[in-house]
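For reference, model.txt (compact mmCIF, C-alpha atoms):
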```
# COMPACT_ATOMS: atom_id res chain seq x y z
CA MET H 179 37.51 -0.77 -6.81
CA SER H 180 40.28 1.22 -8.38
CA ARG H 181 41.91 0.30 -11.67
CA GLU H 182 45.00 -1.06 -9.90
CA GLU H 183 42.89 -3.23 -7.59
CA LYS H 184 40.88 -4.55 -10.52
CA GLU H 185 44.06 -5.47 -12.40
CA GLU H 186 45.43 -7.20 -9.28
CA MET H 187 42.25 -9.27 -8.97
CA GLU H 188 42.34 -10.18 -12.66
CA ARG H 189 45.98 -11.35 -12.32
CA LEU H 190 44.98 -13.47 -9.30
CA ILE H 191 42.10 -15.09 -11.21
CA ALA H 192 44.29 -15.73 -14.24
CA SER H 193 47.15 -17.31 -12.26
CA ASP H 194 45.31 -19.27 -9.56
CA PRO H 195 42.96 -22.13 -10.72
CA ASP H 196 41.14 -22.23 -7.38
CA ALA H 197 40.49 -18.49 -7.50
CA ARG H 198 39.26 -18.79 -11.08
CA ARG H 199 36.91 -21.67 -10.15
CA ILE H 200 35.44 -19.73 -7.22
CA PHE H 201 35.04 -16.66 -9.41
CA ASP H 202 33.15 -18.64 -12.07
CA GLU H 203 30.86 -20.21 -9.47
CA LEU H 204 30.12 -16.86 -7.87
CA ARG H 205 29.47 -15.24 -11.23
CA HIS H 206 27.08 -18.04 -12.15
CA GLY H 207 25.39 -17.69 -8.77
CA SER H 208 25.02 -13.94 -9.28
CA ASP H 209 23.31 -14.51 -12.65
CA VAL H 210 20.91 -17.05 -11.13
CA GLY H 211 20.18 -14.77 -8.20
CA ARG H 212 19.54 -11.82 -10.50
CA LYS H 213 17.10 -13.87 -12.59
CA ALA H 214 15.33 -15.08 -9.46
CA PHE H 215 14.99 -11.50 -8.21
CA ASP H 216 13.63 -10.40 -11.60
CA GLU H 217 10.89 -13.02 -11.24
CA VAL H 218 10.02 -11.62 -7.81
CA LEU H 219 9.66 -8.14 -9.32
CA LYS H 220 7.01 -9.49 -11.71
CA GLU H 221 4.72 -10.45 -8.83
CA PRO H 222 1.68 -8.12 -8.53
CA VAL H 223 1.80 -5.40 -5.90
CA PRO H 224 -0.70 -6.05 -3.05
CA LEU H 225 -3.79 -3.89 -3.43
CA ALA H 226 -3.67 -2.94 0.24
CA LEU H 227 -0.19 -1.46 -0.25
CA VAL H 228 -1.37 0.59 -3.24
CA ARG H 229 -4.29 1.95 -1.25
CA SER H 230 -2.05 2.73 1.70
CA ILE H 231 0.30 4.72 -0.53
CA LYS H 232 -2.58 6.62 -2.14
CA SER H 233 -4.24 7.46 1.16
CA THR H 234 -1.06 8.57 2.97
CA GLN H 235 -1.01 12.29 3.69
CA PRO H 236 2.20 14.21 3.02
CA PRO H 237 4.11 15.15 6.17
CA LYS H 238 3.62 18.62 7.52
CA THR H 239 6.51 20.96 6.89
CA ARG H 240 8.26 22.34 9.92
CA ASP H 241 10.67 25.14 10.31
CA PRO H 242 14.10 23.68 10.28
CA SER H 243 15.70 23.96 13.68
CA PRO H 244 19.37 24.80 13.93
CA ARG H 245 21.58 21.83 14.45
CA LEU H 246 24.92 21.64 16.07
CA ALA H 247 27.66 21.04 13.57
CA ARG H 248 29.33 17.72 14.03
CA PRO H 249 32.97 17.17 13.35
CA SER H 250 33.39 15.39 10.06
CA LEU H 251 35.16 12.07 10.05
CA LYS H 252 36.95 11.15 6.87
CA LEU H 253 37.77 7.56 6.13
CA ALA H 254 40.68 6.93 3.86
CA PRO H 255 41.17 3.17 3.52
CA THR H 256 44.35 1.85 2.06
CA GLY H 257 44.46 0.02 -1.24
CA ARG H 258 44.62 -3.38 0.47
CA GLN H 259 41.66 -2.48 2.70
CA SER H 260 39.60 -1.42 -0.32
CA LEU H 261 40.50 -4.63 -2.14
CA ALA H 262 39.53 -6.73 0.89
CA ALA H 263 36.19 -4.90 1.25
CA ALA H 264 35.46 -5.33 -2.45
CA LEU H 265 36.18 -9.06 -2.26
CA ILE H 266 33.91 -9.45 0.78
CA LEU H 267 31.01 -7.65 -0.94
CA PHE H 268 31.58 -9.67 -4.10
CA VAL H 269 31.51 -12.94 -2.18
CA LEU H 270 28.37 -11.96 -0.25
CA GLY H 271 26.50 -10.84 -3.38
CA GLY H 272 27.54 -13.80 -5.45
CA GLY H 273 27.04 -16.27 -2.62
CA ILE H 274 23.32 -15.48 -2.40
CA GLY H 275 22.88 -16.23 -6.07
CA TYR H 276 25.13 -19.26 -5.74
CA LEU H 277 22.76 -20.70 -3.14
CA PHE H 278 19.91 -20.33 -5.64
CA GLY H 279 21.96 -21.97 -8.36
CA MET H 280 23.02 -24.92 -6.17
CA ARG H 281 19.51 -25.83 -4.99
CA PRO H 282 18.66 -29.55 -5.30
CA ALA H 283 17.16 -30.48 -8.63
CA ASP H 284 13.98 -31.85 -7.02
CA ILE H 285 13.03 -28.45 -5.62
CA SER H 286 10.87 -26.99 -8.37
CA SER H 287 9.97 -23.34 -8.73
CA THR H 288 6.73 -24.32 -10.46
CA PRO H 289 3.75 -23.28 -8.32
CA PRO H 290 1.22 -25.92 -7.21
CA ALA H 291 -1.65 -26.71 -9.53
CA SER H 292 -4.17 -24.92 -7.31
CA THR H 293 -2.02 -21.78 -7.31
CA SER H 294 -1.59 -21.94 -11.09
CA ALA H 295 -5.35 -22.33 -11.55
CA ALA H 296 -5.99 -19.33 -9.30
CA ARG H 297 -3.51 -17.24 -11.27
CA ASN H 298 -5.07 -18.29 -14.58
CA TRP H 299 -8.50 -17.36 -13.24
CA LEU H 300 -7.30 -13.94 -12.10
CA ASP H 301 -5.38 -13.30 -15.32
CA ASP H 302 -8.45 -14.16 -17.40
CA LEU H 303 -10.68 -11.91 -15.30
CA ALA H 304 -8.29 -9.00 -15.74
CA ALA H 305 -7.97 -9.60 -19.50
CA TYR H 306 -11.72 -9.75 -20.09
CA HIS H 307 -12.40 -6.72 -17.89
CA ARG H 308 -9.70 -4.72 -19.64
CA ILE H 309 -11.46 -5.33 -22.99
CA TYR H 310 -15.17 -5.14 -22.15
CA SER H 311 -14.93 -2.16 -19.80
CA HIS H 312 -13.93 -0.05 -22.82
CA GLN H 313 -16.77 -1.30 -25.06
CA PRO H 314 -19.74 0.91 -24.11
CA ARG H 315 -22.08 -0.44 -26.82
CA HIS H 316 -21.12 -4.10 -26.34
CA MET H 317 -20.31 -4.18 -22.65
CA VAL H 318 -23.18 -6.50 -21.73
CA GLU H 319 -25.07 -9.31 -23.44
CA LEU H 320 -28.30 -8.79 -21.49
CA GLN H 321 -29.48 -5.38 -20.34
CA ALA H 322 -30.27 -4.38 -16.73
CA SER H 323 -34.00 -4.47 -17.50
CA GLU H 324 -33.81 -8.25 -18.17
CA LEU H 325 -33.28 -9.38 -14.57
CA ASP H 326 -35.32 -12.56 -14.80
CA GLU H 327 -33.59 -13.67 -17.99
CA ILE H 328 -30.15 -12.88 -16.51
CA ALA H 329 -30.85 -14.88 -13.35
CA LYS H 330 -32.15 -17.87 -15.31
CA TRP H 331 -29.35 -17.82 -17.90
CA LEU H 332 -26.35 -17.40 -15.60
CA SER H 333 -27.65 -19.73 -12.87
CA SER H 334 -28.17 -22.57 -15.32
CA THR H 335 -24.97 -21.98 -17.29
CA VAL H 336 -22.54 -21.19 -14.47
CA GLY H 337 -24.20 -23.35 -11.82
CA VAL H 338 -24.22 -20.66 -9.12
CA LYS H 339 -27.36 -19.10 -7.64
CA PHE H 340 -27.03 -15.40 -6.94
CA ASN H 341 -28.80 -12.14 -6.12
CA PHE H 342 -28.32 -8.71 -7.68
CA PRO H 343 -26.43 -6.53 -5.16
CA ASP H 344 -27.62 -2.93 -4.84
CA LEU H 345 -24.49 -0.79 -5.10
CA ALA H 346 -26.22 2.60 -5.36
CA ALA H 347 -24.65 3.63 -2.05
CA ASP H 348 -21.27 3.17 -3.72
CA GLY H 349 -22.31 5.31 -6.69
CA LEU H 350 -22.66 2.29 -9.01
CA VAL H 351 -25.59 1.61 -11.35
CA PHE H 352 -26.31 -1.87 -12.70
CA GLN H 353 -25.81 -2.07 -16.48
CA GLY H 354 -26.46 -5.73 -17.31
CA ALA H 355 -24.68 -9.07 -17.49
CA ARG H 356 -22.56 -11.32 -19.64
CA MET H 357 -20.93 -14.74 -19.54
CA PHE H 358 -17.36 -15.69 -20.47
CA ILE H 359 -14.75 -18.36 -19.80
CA ALA H 360 -11.96 -17.98 -17.21
CA GLY H 361 -9.69 -20.73 -15.96
CA GLY H 362 -11.51 -23.12 -18.31
CA LYS H 363 -14.90 -22.59 -16.59
CA PRO H 364 -17.98 -20.48 -17.36
CA VAL H 365 -18.08 -17.26 -15.38
CA GLY H 366 -21.11 -15.05 -14.76
CA GLN H 367 -20.52 -11.32 -14.67
CA LEU H 368 -22.75 -8.53 -13.36
CA ILE H 369 -21.56 -5.16 -14.62
CA TYR H 370 -21.92 -1.80 -12.86
CA LYS H 371 -20.80 1.71 -13.80
CA ASN H 372 -20.37 4.98 -11.89
CA LEU H 373 -20.91 8.55 -13.05
CA ASP H 374 -17.27 8.86 -14.08
CA GLY H 375 -17.65 5.92 -16.45
CA ASP H 376 -15.54 3.53 -14.38
CA VAL H 377 -16.71 -0.08 -14.68
CA VAL H 378 -16.88 -2.45 -11.70
CA ALA H 379 -17.85 -6.07 -12.36
CA ILE H 380 -18.98 -8.88 -10.05
CA CYS H 381 -17.76 -12.28 -11.28
CA PHE H 382 -18.64 -15.74 -10.01
CA THR H 383 -17.89 -19.32 -11.02
CA LYS H 384 -18.50 -22.78 -9.58
CA THR H 385 -15.51 -24.26 -7.71
CA ASP H 386 -16.48 -27.47 -5.93
CA GLY H 387 -14.01 -28.80 -3.39
CA VAL H 388 -12.58 -25.39 -2.48
CA PRO H 389 -13.03 -24.67 1.26
CA ASP H 390 -15.02 -21.58 2.25
CA ASP H 391 -12.88 -18.56 2.94
CA ASP H 392 -14.54 -15.20 3.51
CA ASN H 393 -11.16 -13.50 3.74
CA PHE H 394 -10.64 -11.24 0.75
CA ASP H 395 -7.71 -11.93 -1.54
CA GLU H 396 -6.62 -8.65 -3.11
CA THR H 397 -4.37 -8.46 -6.14
CA ILE H 398 -3.50 -6.16 -9.03
CA ARG H 399 -2.98 -7.00 -12.68
CA ASP H 400 -1.47 -3.83 -14.14
CA ASP H 401 -4.40 -1.35 -14.32
CA VAL H 402 -7.00 -3.82 -13.00
CA SER H 403 -7.68 -4.65 -9.34
CA ILE H 404 -9.37 -7.86 -8.20
CA VAL H 405 -10.84 -8.74 -4.79
CA SER H 406 -11.85 -12.41 -4.58
CA TRP H 407 -13.18 -14.92 -2.01
CA HIS H 408 -14.64 -18.46 -1.78
CA ARG H 409 -17.99 -19.50 -0.37
CA GLY H 410 -20.55 -22.28 -0.84
CA GLY H 411 -18.75 -24.08 -3.65
CA ALA H 412 -18.25 -20.90 -5.67
CA THR H 413 -15.54 -18.30 -6.16
CA TYR H 414 -16.52 -14.63 -6.33
CA ALA H 415 -14.53 -11.61 -7.43
CA VAL H 416 -15.06 -7.88 -7.70
CA VAL H 417 -13.05 -6.40 -10.57
CA GLY H 418 -12.38 -2.73 -11.21
CA PRO H 419 -9.74 -0.15 -12.04
CA SER H 420 -6.68 -0.21 -9.80
CA SER H 421 -7.25 3.50 -9.10
CA ASN H 422 -10.44 2.65 -7.19
CA ALA H 423 -9.41 2.68 -3.53
CA MET H 424 -12.89 1.62 -2.37
CA LEU H 425 -12.93 -1.75 -4.13
CA ASP H 426 -12.57 -3.72 -0.88
CA GLN H 427 -15.60 -1.92 0.61
CA ILE H 428 -17.61 -2.70 -2.52
CA ALA H 429 -16.53 -6.35 -2.24
CA ASN H 430 -17.66 -6.41 1.37
CA ARG H 431 -21.12 -5.18 0.39
CA VAL H 432 -21.30 -7.64 -2.51
CA SER H 433 -20.28 -10.51 -0.24
CA SER H 434 -23.22 -9.83 2.07
CA GLU H 435 -25.83 -9.29 -0.66
CA ILE H 436 -25.02 -11.69 -3.48
```
Please rewrite the model in this file as structure tokens.
Amino acid sequence: MSREEKEEMERLIASDPDARRIFDELRHGSDVGRKAFDEVLKEPVPLALVRSIKSTQPPKTRDPSPRLARPSLKLAPTGRQSLAAALILFVLGGGIGYLFGMRPADISSTPPASTSAARNWLDDLAAYHRIYSHQPRHMVELQASELDEIAKWLSSTVGVKFNFPDLAADGLVFQGARMFIAGGKPVGQLIYKNLDGDVVAICFTKTDGVPDDDNFDETIRDDVSIVSWHRGGATYAVVGPSSNAMLDQIANRVSSEI
């Protein structure tokens, strides 16, 4: 709004208690709404969306065709019309936040325990992968040549029986294995690497009571992508760099072979 309109609004707020009360409520609602939107922006971008953006081809350029010139229409609202429009937009914007701020106290924004546990598990996977994938000399605890020892160690410690997927078709070579803690539980990890040095890890942990779900859950934690699923009382995940657009295909192969 113009300077004159702003001064007129300020005089109205200063002289009218009802206007001042509404203004304060709307301003509070706008702050709450802004904070709520900031929390939404922190949510990870779906991996499928990232892949779709990366795989999209640029549109072909075409010779611009001549267009008929259209008569221009100039809008010149009066001062009162501009003030009314500004007030409407202010009320709409603040009202959305006001609805957030006036929610009943018993409606909690805290996610369910199962959701929190899943997020902790995914966050821990991403954190461990981010560290160990850049430690070439200490990436694994047992080497790829120790298959029998790896199978015995991880099966007894983690409580999940598994096979060693062959990912040669995906350009990945088995490097070895390690064990760590994620979400408060022991996690087995089979580590693979491609010719470019990118590390892809297969993680698994025992999760009794979780229903089987072969649908892949894809998520991104900054530079790390995770594809996870549940089956047979265990949760599995394939972890790799977010730049790897083939991670879902690797997860599909792992799901059928592990």
Let me make sure I understand: among H:Leu303, H:Val318, H:Leu190, H:Val388, which one has the smallest atom-to-atom distance to Val365 (chain H) if we use only C-alpha atoms?
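Once distances to Val365 (chain H) are computed over only C-alpha atoms, the minimum belongs to H:Leu303.
Distance annotation: of H:His307, H:His312, H:Arg198, H:Arg356, the residue with the minimal separation from Gly418 (chain H) is H:His307; atom set is only C-alpha atoms.
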What is the distance between CA of Ala360 (chain H) and CA of Pro389 (chain H), in Å to one decimal?
19.7 Å
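As for CA of Gly361 (chain H) and CA of Asp302 (chain H), they are spaced 6.8 Å apart.
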For the point (-24.3, -23.2, -10.6) in file coordinates, what residues are within 9 Å, counting all atoms listed in the file? Give the answer as a ChimeraX atom specification?
/H:332-339,383-384,411-412
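Comparing H:Val405, H:Met179, H:Ala322, H:Ile436 by their smallest distance to Phe340 (chain H), the closest is H:Ile436 (using all atoms listed in the file).
In this model, the gap between CA of Met317 (chain H) and CA of Asp401 (chain H) comes to 18.2 Å.
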Under the rule that all atoms listed in the file are counted, which of H:Pro419, H:Asp386, H:Gln367, H:Ala429 is the nearest residue to Trp407 (chain H)?
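Nearest to Trp407 (chain H): H:Ala429.
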Hey, could you pull the box centre and edge lengths for region 355-361 of chain H, axis-aligned, 4 Å padding per side, all listed atoms, to one decimal in Å, as lines of an AutoDock Vina configuration file?
```
center_x = -17.2
center_y = -14.9
center_z = -18.2
size_x = 23.0
size_y = 19.7
size_z = 12.5
```
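In this comparison, which uses all atoms listed in the file, the residue of H:Phe201, H:Lys363, H:His316, H:Tyr370 approaching Glu188 (chain H) most closely is H:Phe201.
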Skipping near chain neighbours, those fewer than 5 positions away, what residues fall within 10 Å of Glu324 (chain H) using all atoms listed in the file, listed as a list in words?
Ala329, Gly354 and Ala355 of chain H
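Minimum distance to Gly366 (chain H) across H:Trp299, H:Phe352, H:Tyr414, H:Phe394 (counting only C-alpha atoms) occurs at H:Tyr414.
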